[in-house]
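The structure appears below as structure tokens.
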Amino acid sequence: MLGSPVRPGRLPVALLLAALATCSPDDVNRPREVAAVEVVAPVDSVEVGGTLQLAATPRASDGSELPTVPVSWATPDGEVASVDDAGRVTGKAVGTATVQASAGARTGSVSIRVVPVAVASVVVSPDTATLLVADTKRLGAVLRAAGGAEITGRAVAWSSDAEAVATVGADGTVTARDAGTATITAEAGGRKGTATVTVVAAPIPSLRLSQVASGLGPAPTHLAAPQGDSRLFVVQVDGQVRIVRGGIVLPGLFLDLRGKVVHDVEQGAFSLAFHPRFASNGHVFVNYTDPAGDIRVERYTVGADPDRADPASVKLILHIDHPPTREHFGGELAFGPDGKLYVSVGDGGQGHERNAQDRSTLLGKILRIDVDAGDPYAIPADNPFVGQAGARGEIWAYGLRNPWRMSFDPEAGLLYVADVGETHWEEVNVVPAGQGGLNYGWPRLEGSHCYPAGTTGCDRSGTVLPAVEYPHDGTPGAAGSAHPTGCSVTGGYVYRGSRMPGLRGHYFYGDLCKGWVRSFRYRNGRAEEQRQWTVDNVALLVSFGRDGAGELYALTHNGRILKFVPAGN
């Protein structure tokens, strides 16, 4: 009956029949179309060798799930990861893989990063080692995952916390440099392992001087060589630069500056320095006094003949006016660990002491210039007096009388400066190589003493005091000095050769007049292990030299080149 009430939950039969009449059998059985495939990963990365389960949900246009629709899996990045029929991803190589899930005519995807296996620990073996100076030992590093499995093929970064004591190469080879203790660290995947290396000084040998060459007069003033080069390059005071090979003085000249050099009293050709990239650019720099008595620094380039510098390649780098005193020129050239060229310059001689404290002149200074920039050079922006009114930007340090020899020890990061004294005291200074703006005190101080002698209450503040000083004969208080007397210090080098490992780290110097040779080690801010060597007296010790292997030489005014060797050889 049309007027009968309809029971809850039921449709009238007439309405149900009408609804069914509008649907065909195909409409009732047709599956719903996939509008999208949603792919979900619990995390976005998997380790190499690890697995990650993905889930894929096909959805209809209204967002509802279609759980009965089959899903297929694939990845175009099979070299990075694989995926099976169940959506389980396996990491194969470090990289990023796109993983795709397809259902119906739709595809969804997700990016998965394959990362290295996490390093849980790094173990260095052996974890302790004791080496003699100059010895080497290779350390190993074992990397392990959280489960204890060893990880191979992973890069390891090695480092030393005390490179002056021991250095370590990329393969874990430790080289003992100087007595002390160093912690060697191996790092991989954010984890570190360490080993303690104790370096013991080798026995200090007795020394003798072995003559390498003679007859090089007039006086040789400097000996140097590019690193690793077996030749010895010897500067003579008159401007000749000769090569000694295998103990033989080659007949030709490497460079002939005669006619450009004046040599009289303290004038002459003083030094040469090889550019750090000499092997590729052939640049060599020389320092001498010209006929006007001024200081010149020039650059030459080696031509087709490796034993000849091309005289036509000359380039003037620096010209410094000098008073007509014929003394106090300094004269050292040295490239620092920073690749900059350092030049030592005397104060101009008697009556010109004030130049040492006057920062408007280059006299009485150590200069620092960049010969790889500018024309003929650039002033490094980090020089201490750049931009200061009334100061020359080239100045690195000041307050020097006649710094006849200076040298760097890159392994310890130190600069040694031997400054010739005036009346009573000779000095050797040791300072950090990278510290500019230092005042060595002259003429306020001679060594650590007030100048002129007898002056009291002079201000030593803000000045560099010597690591070692020694008196002249007749200096007040000389009798109480533990150091022998002399007249003019000849600075040398820190020994870093391999023939005498017991001497590594020892700085050698001597005295022009007395001919003795002494050494010390600079540690903890002071000179230690001072000793005088019982080598034959080196009369008129003009200079020290260092060859391409780090071995040391002494040069005498009468033209002898003497090499420091173990006394037993």
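For the structure tokens, the naming scheme is as follows: chains receive sequential letters (A, B, ...) according to their order of presentation, residues are indexed from 1 within each chain, and ligands are indexed from 1 in presentation order.
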
Fewer than 3 positions away in the same chain doesn't count, so skip those; otherwise give me all residues within 10 Å of Asp307 in chain A, counting only C-alpha atoms, as an mmCIF file with N, CA, C and O atoms, in the first residue's frame.
```
data_model
loop_
_atom_site.group_PDB
_atom_site.id
_atom_site.type_symbol
_atom_site.label_atom_id
_atom_site.label_comp_id
_atom_site.auth_asym_id
_atom_site.auth_seq_id
_atom_site.Cartn_x
_atom_site.Cartn_y
_atom_site.Cartn_z
ATOM 1 N N ARG A 231 123.024 19.275 -7.118
ATOM 2 C CA ARG A 231 124.029 20.300 -7.375
ATOM 3 C C ARG A 231 124.135 21.273 -6.206
ATOM 4 O O ARG A 231 123.173 21.472 -5.463
ATOM 5 N N PHE A 233 124.976 25.275 -5.567
ATOM 6 C CA PHE A 233 125.111 26.573 -6.226
ATOM 7 C C PHE A 233 125.817 27.509 -5.249
ATOM 8 O O PHE A 233 125.315 27.751 -4.140
ATOM 9 N N ARG A 242 128.733 29.740 -9.170
ATOM 10 C CA ARG A 242 129.247 28.502 -9.738
ATOM 11 C C ARG A 242 128.427 27.305 -9.269
ATOM 12 O O ARG A 242 127.724 27.368 -8.259
ATOM 13 N N ILE A 243 128.566 26.217 -10.010
ATOM 14 C CA ILE A 243 127.921 24.960 -9.647
ATOM 15 C C ILE A 243 129.000 23.952 -9.292
ATOM 16 O O ILE A 243 129.990 23.790 -10.021
ATOM 17 N N LEU A 250 132.168 23.004 -11.763
ATOM 18 C CA LEU A 250 131.982 23.043 -13.217
ATOM 19 C C LEU A 250 132.717 24.234 -13.809
ATOM 20 O O LEU A 250 132.791 25.314 -13.200
ATOM 21 N N GLY A 252 132.086 26.282 -16.370
ATOM 22 C CA GLY A 252 131.314 27.474 -16.718
ATOM 23 C C GLY A 252 130.632 28.072 -15.499
ATOM 24 O O GLY A 252 130.651 27.502 -14.398
ATOM 25 N N LEU A 253 130.022 29.235 -15.690
ATOM 26 C CA LEU A 253 129.310 29.907 -14.610
ATOM 27 C C LEU A 253 127.807 29.709 -14.770
ATOM 28 O O LEU A 253 127.281 29.776 -15.877
ATOM 29 N N PHE A 254 127.130 29.471 -13.658
ATOM 30 C CA PHE A 254 125.671 29.455 -13.674
ATOM 31 C C PHE A 254 125.150 30.860 -13.945
ATOM 32 O O PHE A 254 124.183 31.059 -14.700
ATOM 33 N N LEU A 255 125.817 31.856 -13.354
ATOM 34 C CA LEU A 255 125.429 33.254 -13.552
ATOM 35 C C LEU A 255 126.654 34.108 -13.318
ATOM 36 O O LEU A 255 127.424 33.884 -12.378
ATOM 37 N N VAL A 302 116.373 30.236 -15.685
ATOM 38 C CA VAL A 302 117.209 29.222 -16.327
ATOM 39 C C VAL A 302 116.648 28.925 -17.707
ATOM 40 O O VAL A 302 115.433 28.779 -17.881
ATOM 41 N N GLY A 303 117.544 28.864 -18.683
ATOM 42 C CA GLY A 303 117.132 28.605 -20.058
ATOM 43 C C GLY A 303 117.171 27.129 -20.401
ATOM 44 O O GLY A 303 116.930 26.262 -19.563
ATOM 45 N N ALA A 304 117.493 26.838 -21.652
ATOM 46 C CA ALA A 304 117.509 25.452 -22.127
ATOM 47 C C ALA A 304 118.581 24.632 -21.423
ATOM 48 O O ALA A 304 118.407 23.428 -21.207
ATOM 49 N N ASP A 310 119.880 32.494 -17.810
ATOM 50 C CA ASP A 310 119.940 33.371 -18.976
ATOM 51 C C ASP A 310 120.155 34.810 -18.519
ATOM 52 O O ASP A 310 119.275 35.393 -17.869
#
```

Give me the residues within 7 Å of Val235 in chain A as a PyMOL selection string, counting only C-alpha atoms and dropping any in the same chain fewer than 5 places off.
-> chain A and resi 220-223+240-242+269+271

If you run DSSP on the backbone, which residues of range 152-325 of chain A are strand (DSSP E), as a count of residues only?
-> 90

Counting only C-alpha atoms, what is within 8 Å of range 395-406 of chain A, bar same-chain residues fewer than 5 positions away, as an MDAnalysis selection string?
-> chainID A and resid 328:332 334 344:347 353 356:357 359 362 364:368 383:385 415:421 436:443 490:492 543

Need the shell around range 550-567 of chain A: protein/DNA/RNA residues with any atom at most 9 Å away, counting only C-alpha atoms. Skip same-chain ones fewer than 3 positions apart. Format as a PDB file with C-alpha atoms, in the first residue's frame?
```
ATOM      1  CA  PRO A 205     127.223  11.994  16.591  1.00  0.00           C
ATOM      2  CA  SER A 206     130.637  13.545  16.719  1.00  0.00           C
ATOM      3  CA  LEU A 207     131.264  15.726  13.683  1.00  0.00           C
ATOM      4  CA  ARG A 208     134.033  16.532  11.329  1.00  0.00           C
ATOM      5  CA  LEU A 209     134.264  18.839   8.342  1.00  0.00           C
ATOM      6  CA  SER A 210     134.911  17.162   5.017  1.00  0.00           C
ATOM      7  CA  GLN A 211     136.207  19.358   2.223  1.00  0.00           C
ATOM      8  CA  VAL A 212     133.906  19.244  -0.777  1.00  0.00           C
ATOM      9  CA  ALA A 213     135.593  21.823  -2.992  1.00  0.00           C
ATOM     10  CA  SER A 214     138.287  24.464  -2.797  1.00  0.00           C
ATOM     11  CA  GLY A 215     139.871  27.126  -4.933  1.00  0.00           C
ATOM     12  CA  LEU A 216     136.623  29.036  -5.331  1.00  0.00           C
ATOM     13  CA  GLY A 217     138.209  32.388  -4.518  1.00  0.00           C
ATOM     14  CA  PRO A 218     137.363  35.138  -4.284  1.00  0.00           C
ATOM     15  CA  ALA A 219     135.384  34.359  -1.147  1.00  0.00           C
ATOM     16  CA  PRO A 220     132.244  32.263  -1.447  1.00  0.00           C
ATOM     17  CA  THR A 221     129.422  33.965   0.430  1.00  0.00           C
ATOM     18  CA  HIS A 222     126.447  31.641   0.006  1.00  0.00           C
ATOM     19  CA  LEU A 223     125.573  28.043  -0.868  1.00  0.00           C
ATOM     20  CA  GLN A 227     115.075  20.834  -2.824  1.00  0.00           C
ATOM     21  CA  GLY A 228     116.047  17.409  -4.112  1.00  0.00           C
ATOM     22  CA  GLN A 236     131.126  34.357  -4.771  1.00  0.00           C
ATOM     23  CA  GLY A 492     123.217  29.160   9.759  1.00  0.00           C
ATOM     24  CA  TYR A 493     120.400  26.647   9.516  1.00  0.00           C
ATOM     25  CA  VAL A 494     118.419  24.076  11.440  1.00  0.00           C
ATOM     26  CA  TYR A 495     119.607  20.631  10.414  1.00  0.00           C
ATOM     27  CA  ARG A 496     116.829  18.653   8.741  1.00  0.00           C
ATOM     28  CA  GLY A 497     118.881  16.166   6.768  1.00  0.00           C
ATOM     29  CA  SER A 498     118.708  12.384   7.052  1.00  0.00           C
ATOM     30  CA  ARG A 499     122.373  11.427   7.308  1.00  0.00           C
ATOM     31  CA  MET A 500     122.671  12.445  10.986  1.00  0.00           C
ATOM     32  CA  PHE A 508     124.053  25.679  13.673  1.00  0.00           C
ATOM     33  CA  LEU A 512     133.541  34.932  11.596  1.00  0.00           C
ATOM     34  CA  VAL A 538     136.978  27.341  10.548  1.00  0.00           C
ATOM     35  CA  ALA A 539     139.036  30.463   9.973  1.00  0.00           C
ATOM     36  CA  LEU A 540     136.989  33.366   8.593  1.00  0.00           C
ATOM     37  CA  LEU A 541     133.684  31.496   8.624  1.00  0.00           C
ATOM     38  CA  VAL A 542     131.758  33.552   6.074  1.00  0.00           C
ATOM     39  CA  SER A 543     128.570  31.559   5.757  1.00  0.00           C
ATOM     40  CA  PHE A 544     126.762  28.274   6.182  1.00  0.00           C
ATOM     41  CA  GLY A 545     125.013  26.448   3.371  1.00  0.00           C
ATOM     42  CA  ARG A 546     122.325  23.825   2.917  1.00  0.00           C
ATOM     43  CA  ASP A 547     121.998  21.409  -0.007  1.00  0.00           C
TER      44      ASP A 547
END
```

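Considering only C-alpha atoms, the residue among A:Pro291, A:Glu33, A:Glu411, A:Phe278 positioned nearest to Pro306 in chain A is A:Phe278.
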
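Distance-wise, CA of Ile317 in chain A and CA of Ala378 in chain A end up 10.3 Å apart.
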
Could you find all residues in range 176-337 of chain A that DSSP calls helix (DSSP H, G or I) from the backbone, and write them as an MDAnalysis selection string?
-> chainID A and resid 278:281

Saved selection, atoms kept: N, CA and C atoms, as an mmCIF file, in the first residue's frame:
```
data_model
loop_
_atom_site.group_PDB
_atom_site.id
_atom_site.type_symbol
_atom_site.label_atom_id
_atom_site.label_comp_id
_atom_site.auth_asym_id
_atom_site.auth_seq_id
_atom_site.Cartn_x
_atom_site.Cartn_y
_atom_site.Cartn_z
ATOM 1 N N PHE A 278 110.751 26.401 -8.686
ATOM 2 C CA PHE A 278 111.904 26.507 -9.579
ATOM 3 C C PHE A 278 111.904 25.403 -10.631
ATOM 4 N N ALA A 279 111.491 24.203 -10.247
ATOM 5 C CA ALA A 279 111.514 23.082 -11.191
ATOM 6 C C ALA A 279 110.668 23.352 -12.424
ATOM 7 N N SER A 280 109.620 24.182 -12.280
ATOM 8 C CA SER A 280 108.743 24.461 -13.418
ATOM 9 C C SER A 280 108.963 25.837 -14.026
ATOM 10 N N ASN A 281 109.347 26.836 -13.198
ATOM 11 C CA ASN A 281 109.490 28.189 -13.765
ATOM 12 C C ASN A 281 110.943 28.627 -13.927
#
```

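Taking only C-alpha atoms into account, Asp372 in chain A lies nearest to A:Arg277 out of the set A:Pro337, A:Pro452, A:Ser461, A:Arg277.
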
Distance CA of Thr57 in chain A-CA of Val110 in chain A, one decimal place?
->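 Distance reported for this atom pair: 12.8 Å.
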
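With only C-alpha atoms as the atoms that count, the minimum distance from Ala273 in chain A to the choices A:Arg245, A:His472, A:Arg191, A:Arg299 is reached by A:Arg299.
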
Which residues of range 198-312 of chain A come within 12 Å of range 154-170 of chain A, and for each one, what is the closest pair of atoms and their distance in Å to one decimal, counting only C-alpha atoms, sorted by chain and residue number, as a Markdown table?
```
| residue | atom | partner | partner_atom | distance |
| --- | --- | --- | --- | --- |
| A:Thr198 | CA | A:Val165 | CA | 8.5 |
| A:Val199 | CA | A:Val165 | CA | 6.8 |
| A:Val200 | CA | A:Val165 | CA | 9.6 |
| A:Ala201 | CA | A:Val165 | CA | 10.3 |
```

Got time to write the residues from that selection, N, CA, C and O atoms, as an mmCIF file, in the first residue's frame?
```cif
data_model
loop_
_atom_site.group_PDB
_atom_site.id
_atom_site.type_symbol
_atom_site.label_atom_id
_atom_site.label_comp_id
_atom_site.auth_asym_id
_atom_site.auth_seq_id
_atom_site.Cartn_x
_atom_site.Cartn_y
_atom_site.Cartn_z
ATOM 1 N N THR A 198 105.858 7.889 20.215
ATOM 2 C CA THR A 198 106.934 8.534 20.973
ATOM 3 C C THR A 198 108.191 8.540 20.113
ATOM 4 O O THR A 198 108.624 7.483 19.633
ATOM 5 N N VAL A 199 108.729 9.726 19.902
ATOM 6 C CA VAL A 199 109.941 9.861 19.093
ATOM 7 C C VAL A 199 111.118 10.106 20.029
ATOM 8 O O VAL A 199 111.083 11.014 20.869
ATOM 9 N N VAL A 200 112.118 9.288 19.890
ATOM 10 C CA VAL A 200 113.314 9.370 20.726
ATOM 11 C C VAL A 200 114.461 9.894 19.869
ATOM 12 O O VAL A 200 114.664 9.430 18.741
ATOM 13 N N ALA A 201 115.170 10.866 20.394
ATOM 14 C CA ALA A 201 116.286 11.430 19.654
ATOM 15 C C ALA A 201 117.361 10.375 19.442
ATOM 16 O O ALA A 201 117.720 9.631 20.367
#
```

Write out as a list in words which residues come within 10 Å of Gly339 in chain A when counting only C-alpha atoms, dropping same-chain ones fewer than 6 positions away.
-> His275, Pro276, Arg277, Ile369, Asp370, Val371 and Asp372 of chain A

Which polymer residues have any atom within 7 Å of an atom of Glu47 in chain A, counting only C-alpha atoms, with same-chain residues fewer than 6 positions away left out, as number ranges by chain?
-> A: 91, 114-117

Test item: residues at most 6 Å from Ala120 in chain A, only C-alpha atoms, excluding those fewer than 2 positions along its chain, as a list in words |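 Counting only the stated atoms, we get Arg144, Ala145 and Ala146 of chain A.
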
Any chance you can output those residues with C-alpha atoms as a short mmCIF file (atom, residue, chain, number, x, y, z; two decimals), in the first residue's frame?
```
data_model
loop_
_atom_site.label_atom_id
_atom_site.label_comp_id
_atom_site.auth_asym_id
_atom_site.auth_seq_id
_atom_site.Cartn_x
_atom_site.Cartn_y
_atom_site.Cartn_z
CA ARG A 144 83.95 -1.72 11.87
CA ALA A 145 80.18 -1.44 11.61
CA ALA A 146 77.84 -1.59 14.60
#
```

Point-to-point distance from CA of Tyr522 in chain A to CA of Tyr507 in chain A, Å rounded to tenths |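 So the answer is 7.9 Å.
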